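Raw contents of query.cif, mmCIF, C-alpha atoms:
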data_upload
#
loop_
_atom_site.group_PDB
_atom_site.id
_atom_site.type_symbol
_atom_site.label_atom_id
_atom_site.label_comp_id
_atom_site.auth_asym_id
_atom_site.auth_seq_id
_atom_site.Cartn_x
_atom_site.Cartn_y
_atom_site.Cartn_z
ATOM 1 C CA HIS M 1 12.819 -3.761 19.833
ATOM 2 C CA ARG M 2 13.006 -3.085 16.102
ATOM 3 C CA ARG M 3 9.331 -2.190 15.813
ATOM 4 C CA ASP M 4 9.609 0.441 18.575
ATOM 5 C CA CYS M 5 12.684 1.864 16.898
ATOM 6 C CA LEU M 6 10.823 2.095 13.615
ATOM 7 C CA ARG M 7 7.846 3.743 15.285
ATOM 8 C CA LEU M 8 10.159 6.336 16.820
ATOM 9 C CA SER M 9 11.754 6.853 13.436
ATOM 10 C CA ALA M 10 8.313 7.271 11.882
ATOM 11 C CA ALA M 11 7.433 9.844 14.536
ATOM 12 C CA GLY M 12 10.599 11.739 13.722
ATOM 13 C CA LEU M 13 9.862 11.555 10.020
ATOM 14 C CA LEU M 14 6.327 12.673 10.661
ATOM 15 C CA ALA M 15 7.418 15.750 12.520
ATOM 16 C CA GLY M 16 10.536 16.512 10.557
ATOM 17 C CA THR M 17 10.717 15.074 7.074
ATOM 18 C CA PHE M 18 7.503 16.464 5.695
ATOM 19 C CA LEU M 19 8.328 19.825 7.245
ATOM 20 C CA SER M 20 11.017 21.654 5.328
ATOM 21 C CA ALA M 21 14.015 23.324 6.929
ATOM 22 C CA LYS M 22 12.063 26.569 6.618
ATOM 23 C CA ALA M 23 9.092 25.125 8.524
ATOM 24 C CA TRP M 24 10.510 24.309 11.973
ATOM 25 C CA PRO M 25 12.595 21.121 11.833
ATOM 26 C CA LEU M 26 13.113 19.129 15.004
ATOM 27 C CA ALA M 27 16.709 20.283 15.279
ATOM 28 C CA ALA M 28 15.286 23.762 15.840
ATOM 29 C CA ALA M 29 14.982 23.023 19.565
ATOM 30 C CA GLU M 30 18.746 22.931 19.824
ATOM 31 C CA ARG M 31 18.914 26.356 18.197
ATOM 32 C CA GLY M 32 16.184 27.766 20.436
ATOM 33 C CA GLU M 33 13.686 28.006 17.595
ATOM 34 C CA LYS M 34 9.965 27.315 17.624
ATOM 35 C CA PRO M 35 8.724 23.726 17.651
ATOM 36 C CA ALA M 36 7.016 22.012 14.738
ATOM 37 C CA ARG M 37 3.338 22.930 15.133
ATOM 38 C CA ILE M 38 1.115 20.095 13.970
ATOM 39 C CA GLY M 39 -2.666 19.883 13.880
ATOM 40 C CA PHE M 40 -4.478 16.545 13.763
ATOM 41 C CA VAL M 41 -7.631 15.735 11.803
ATOM 42 C CA GLY M 42 -8.939 12.389 12.970
ATOM 43 C CA VAL M 43 -8.194 11.274 16.507
ATOM 44 C CA GLY M 44 -9.712 7.817 16.292
ATOM 45 C CA PRO M 45 -7.644 4.720 17.075
ATOM 46 C CA ARG M 46 -4.977 5.347 14.414
ATOM 47 C CA GLY M 47 -4.816 9.122 14.846
ATOM 48 C CA ALA M 48 -4.661 8.830 18.637
ATOM 49 C CA GLY M 49 -1.843 6.291 18.315
ATOM 50 C CA LEU M 50 0.140 8.596 16.045
ATOM 51 C CA LEU M 51 -0.525 11.536 18.360
ATOM 52 C CA GLU M 52 0.626 9.556 21.385
ATOM 53 C CA CYS M 53 3.778 8.389 19.618
ATOM 54 C CA LEU M 54 4.588 11.907 18.498
ATOM 55 C CA VAL M 55 4.130 13.709 21.819
ATOM 56 C CA ASN M 56 5.858 10.965 23.816
ATOM 57 C CA ASN M 57 8.912 10.681 21.574
ATOM 58 C CA VAL M 58 9.515 14.025 19.864
ATOM 59 C CA PRO M 59 10.358 16.818 22.287
ATOM 60 C CA ASN M 60 10.202 19.838 19.972
ATOM 61 C CA VAL M 61 6.649 19.476 18.714
ATOM 62 C CA ALA M 62 3.513 21.416 19.611
ATOM 63 C CA ILE M 63 -0.062 20.318 18.978
ATOM 64 C CA PRO M 64 -2.095 23.560 18.936
ATOM 65 C CA ALA M 65 -5.315 22.033 17.586
ATOM 66 C CA LEU M 66 -7.053 18.797 16.713
ATOM 67 C CA CYS M 67 -10.307 17.854 15.057
ATOM 68 C CA ASP M 68 -12.640 14.872 14.931
ATOM 69 C CA LEU M 69 -16.344 14.322 14.347
ATOM 70 C CA ARG M 70 -16.699 12.757 17.802
ATOM 71 C CA PRO M 71 -16.250 15.010 20.866
ATOM 72 C CA GLU M 72 -15.027 12.078 22.993
ATOM 73 C CA ARG M 73 -12.183 11.480 20.557
ATOM 74 C CA VAL M 74 -11.235 15.153 20.624
ATOM 75 C CA GLN M 75 -11.147 14.984 24.417
ATOM 76 C CA ARG M 76 -9.024 11.839 24.313
ATOM 77 C CA GLY M 77 -6.573 13.658 22.022
ATOM 78 C CA ILE M 78 -6.464 16.638 24.360
ATOM 79 C CA ASP M 79 -5.765 14.272 27.272
ATOM 80 C CA ILE M 80 -2.928 12.573 25.357
ATOM 81 C CA VAL M 81 -1.262 15.940 24.752
ATOM 82 C CA THR M 82 -1.731 17.379 28.241
ATOM 83 C CA LYS M 83 -0.357 14.231 29.933
ATOM 84 C CA THR M 84 3.019 15.194 28.486
ATOM 85 C CA GLY M 85 2.913 18.631 30.107
ATOM 86 C CA ARG M 86 2.143 20.423 26.859
ATOM 87 C CA PRO M 87 -0.656 23.000 26.650
ATOM 88 C CA ALA M 88 -4.101 21.668 25.807
ATOM 89 C CA PRO M 89 -4.865 21.888 22.097
ATOM 90 C CA VAL M 90 -8.039 23.561 20.923
ATOM 91 C CA GLY M 91 -10.600 20.959 19.884
ATOM 92 C CA TYR M 92 -12.773 21.202 16.794
ATOM 93 C CA CYS M 93 -15.792 18.896 16.436
ATOM 94 C CA LYS M 94 -18.821 20.813 15.171
ATOM 95 C CA GLY M 95 -19.313 19.048 11.871
ATOM 96 C CA GLU M 96 -17.880 17.302 8.858
ATOM 97 C CA HIS M 97 -16.011 20.371 7.569
ATOM 98 C CA GLU M 98 -15.005 21.889 10.928
ATOM 99 C CA TYR M 99 -11.381 21.093 10.090
ATOM 100 C CA ARG M 100 -11.472 23.996 7.613
ATOM 101 C CA THR M 101 -12.042 26.373 10.519
ATOM 102 C CA MET M 102 -9.039 24.809 12.244
ATOM 103 C CA PHE M 103 -6.941 25.358 9.095
ATOM 104 C CA GLU M 104 -7.514 29.123 9.379
ATOM 105 C CA ARG M 105 -5.247 29.192 12.440
ATOM 106 C CA ASP M 106 -1.877 30.824 11.931
ATOM 107 C CA ASP M 107 -0.182 28.647 14.560
ATOM 108 C CA LEU M 108 -0.185 25.439 12.488
ATOM 109 C CA ASP M 109 2.685 24.497 10.196
ATOM 110 C CA ALA M 110 1.354 21.106 9.177
ATOM 111 C CA ILE M 111 -1.694 18.881 9.351
ATOM 112 C CA LEU M 112 -1.736 15.144 9.959
ATOM 113 C CA VAL M 113 -4.830 13.453 8.511
ATOM 114 C CA ALA M 114 -5.914 10.119 10.013
ATOM 115 C CA THR M 115 -9.565 9.873 9.008
ATOM 116 C CA GLY M 116 -11.542 7.378 6.977
ATOM 117 C CA VAL M 117 -10.021 6.551 3.610
ATOM 118 C CA GLN M 118 -12.583 8.532 1.586
ATOM 119 C CA LYS M 119 -11.634 11.782 3.353
ATOM 120 C CA LEU M 120 -7.828 11.537 3.464
ATOM 121 C CA ALA M 121 -7.089 13.232 0.141
ATOM 122 C CA PRO M 122 -9.771 15.957 0.277
ATOM 123 C CA ILE M 123 -8.654 17.023 3.766
ATOM 124 C CA ALA M 124 -4.946 16.950 2.831
ATOM 125 C CA ILE M 125 -5.750 19.017 -0.268
ATOM 126 C CA ASP M 126 -7.682 21.529 1.840
ATOM 127 C CA ALA M 127 -4.714 21.715 4.232
ATOM 128 C CA MET M 128 -2.312 22.564 1.415
ATOM 129 C CA LYS M 129 -4.797 25.090 0.004
ATOM 130 C CA ALA M 130 -4.795 26.697 3.448
ATOM 131 C CA GLY M 131 -0.992 26.997 3.341
ATOM 132 C CA LYS M 132 -0.182 24.021 5.586
ATOM 133 C CA HIS M 133 2.040 21.032 4.904
ATOM 134 C CA ALA M 134 0.076 17.772 4.947
ATOM 135 C CA ALA M 135 0.651 14.158 5.884
ATOM 136 C CA ALA M 136 -2.001 11.486 5.459
ATOM 137 C CA GLU M 137 -2.416 7.927 6.583
ATOM 138 C CA VAL M 138 -2.459 5.198 3.987
ATOM 139 C CA THR M 139 -4.003 4.875 1.476
ATOM 140 C CA GLY M 140 -3.771 8.615 1.053
ATOM 141 C CA ALA M 141 -6.303 8.648 -1.744
ATOM 142 C CA TYR M 142 -9.490 6.760 -2.484
ATOM 143 C CA THR M 143 -9.723 7.342 -6.223
ATOM 144 C CA LEU M 144 -7.322 7.962 -9.078
ATOM 145 C CA ASP M 145 -8.855 11.424 -9.375
ATOM 146 C CA ASP M 146 -7.885 12.051 -5.715
ATOM 147 C CA CYS M 147 -4.300 11.084 -6.571
ATOM 148 C CA TRP M 148 -4.131 13.649 -9.345
ATOM 149 C CA LYS M 149 -5.731 16.325 -7.178
ATOM 150 C CA LEU M 150 -3.107 15.690 -4.483
ATOM 151 C CA VAL M 151 -0.295 16.028 -6.998
ATOM 152 C CA GLU M 152 -1.782 19.145 -8.565
ATOM 153 C CA GLU M 153 -2.353 20.886 -5.220
ATOM 154 C CA LYS M 154 1.082 19.940 -3.924
ATOM 155 C CA GLU M 155 2.658 21.421 -7.054
ATOM 156 C CA ARG M 156 0.409 24.510 -7.026
ATOM 157 C CA SER M 157 0.892 25.296 -3.337
ATOM 158 C CA GLY M 158 4.534 24.292 -3.009
ATOM 159 C CA LYS M 159 3.670 22.609 0.294
ATOM 160 C CA HIS M 160 4.985 19.223 1.342
ATOM 161 C CA TYR M 161 2.778 16.139 1.217
ATOM 162 C CA MET M 162 3.765 12.898 2.938
ATOM 163 C CA LEU M 163 2.079 9.505 2.778
ATOM 164 C CA LEU M 164 2.465 7.857 6.195
ATOM 165 C CA GLU M 165 3.347 4.255 5.384
ATOM 166 C CA GLN M 166 4.983 1.984 7.919
ATOM 167 C CA CYS M 167 3.780 -1.549 7.150
ATOM 168 C CA CYS M 168 6.749 -2.207 4.888
ATOM 169 C CA TYR M 169 8.828 -2.109 8.097
ATOM 170 C CA ASP M 170 6.925 -4.806 10.010
ATOM 171 C CA ASP M 171 9.051 -7.708 11.266
ATOM 172 C CA LEU M 172 7.647 -10.182 8.748
ATOM 173 C CA ASN M 173 8.176 -7.857 5.798
ATOM 174 C CA LEU M 174 11.740 -7.063 6.855
ATOM 175 C CA ALA M 175 12.481 -10.762 7.373
ATOM 176 C CA ILE M 176 11.238 -11.560 3.864
ATOM 177 C CA LEU M 177 13.274 -8.683 2.444
ATOM 178 C CA GLY M 178 16.364 -10.085 4.163
ATOM 179 C CA MET M 179 15.647 -13.537 2.713
ATOM 180 C CA ILE M 180 15.259 -12.065 -0.769
ATOM 181 C CA ARG M 181 18.559 -10.224 -0.432
ATOM 182 C CA ARG M 182 20.275 -13.470 0.668
ATOM 183 C CA GLY M 183 18.876 -15.301 -2.353
ATOM 184 C CA VAL M 184 16.722 -17.739 -0.343
ATOM 185 C CA PHE M 185 13.985 -17.664 -2.986
ATOM 186 C CA GLY M 186 16.210 -17.481 -6.041
ATOM 187 C CA GLU M 187 15.776 -14.573 -8.401
ATOM 188 C CA PRO M 188 12.444 -12.822 -7.728
ATOM 189 C CA TYR M 189 10.461 -11.842 -10.787
ATOM 190 C CA TYR M 190 7.128 -10.955 -9.182
ATOM 191 C CA GLY M 191 5.970 -9.775 -5.768
ATOM 192 C CA GLU M 192 2.693 -8.691 -4.259
#
Take the structure in this file and express it as structure tokens.
Amino acid sequence: HRRDCLRLSAAGLLAGTFLSAKAWPLAAAERGEKPARIGFVGVGPRGAGLLECLVNNVPNVAIPALCDLRPERVQRGIDIVTKTGRPAPVGYCKGEHEYRTMFERDDLDAILVATGVQKLAPIAIDAMKAGKHAAAEVTGAYTLDDCWKLVEEKERSGKHYMLLEQCCYDDLNLAILGMIRRGVFGEPYYGE
């Protein structure tokens, strides 16, 4: 199914593309190198889905730690990881800024942020400040100021930042794209 294929591709991109060749690419497993070590901030419905997709479809990935405001979500994330035979990640859930404690770990290469929209950019910025690569769910930023802060921190830190967008690959969107390319609608001059 195309959607499953795209989800697998997104999982691969998640674990590999936003991590540079110097930061444990997925092909490292074939060379006997360390796995990509990814921490999660936000293990609600979207974060848990991304976590599940990642650990079930990408063999050379480790999840050393995860964080959420709700202990039951942290436990659900731990369960998702351990069902695959991987070691249980350390859970962080003692408060709104507990993720910063998690970022102090030296066994994390990257952080995936899947929280509420108002917190995506500040947490991704804190991750890059802590020396970690960052990926955030859409929208990525809540304000224009957040956008500039993301750009500035990415440039200052030299870390990778990835916006996790997949809706442009939904069946309907791809079908419409195909129709546009075949000229079904004539020459497009505006789209939304």
Report as a list in words the full result of the PyMOL selection byres ((chain M and resi 146) around 12) when it is applied to this structure.
Val117, Gln118, Lys119, Leu120, Ala121, Pro122, Ile123, Ala124, Ile125, Thr139, Gly140, Ala141, Tyr142, Thr143, Leu144, Asp145, Cys147, Trp148, Lys149, Leu150, Val151, Glu152 and Glu153 of chain M
Which one of M:Ala48, M:Met162, M:Gly91, M:Ser157 sits closest to Gln75 of chain M if you count all atoms listed in the file?
M:Gly91
Could you jot down the atom CA of Arg76 of chain M to atom CA of Lys132 of chain M separation for me, Å, one decimal place?
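That distance, rounded to one decimal, is 24.0 Å.
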Give as a ChimeraX atom specification the residues that the PyMOL selection byres ((chain M and resi 42) around 9) matches when applied to the coordinates above.
/M:40-41,43-48,66-69,73-74,112-116
Interatomic distance (Å, one decimal) between atom CA of Gln166 of chain M and atom CA of Asn60 of chain M
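Distance between the two atoms: 22.2 Å.
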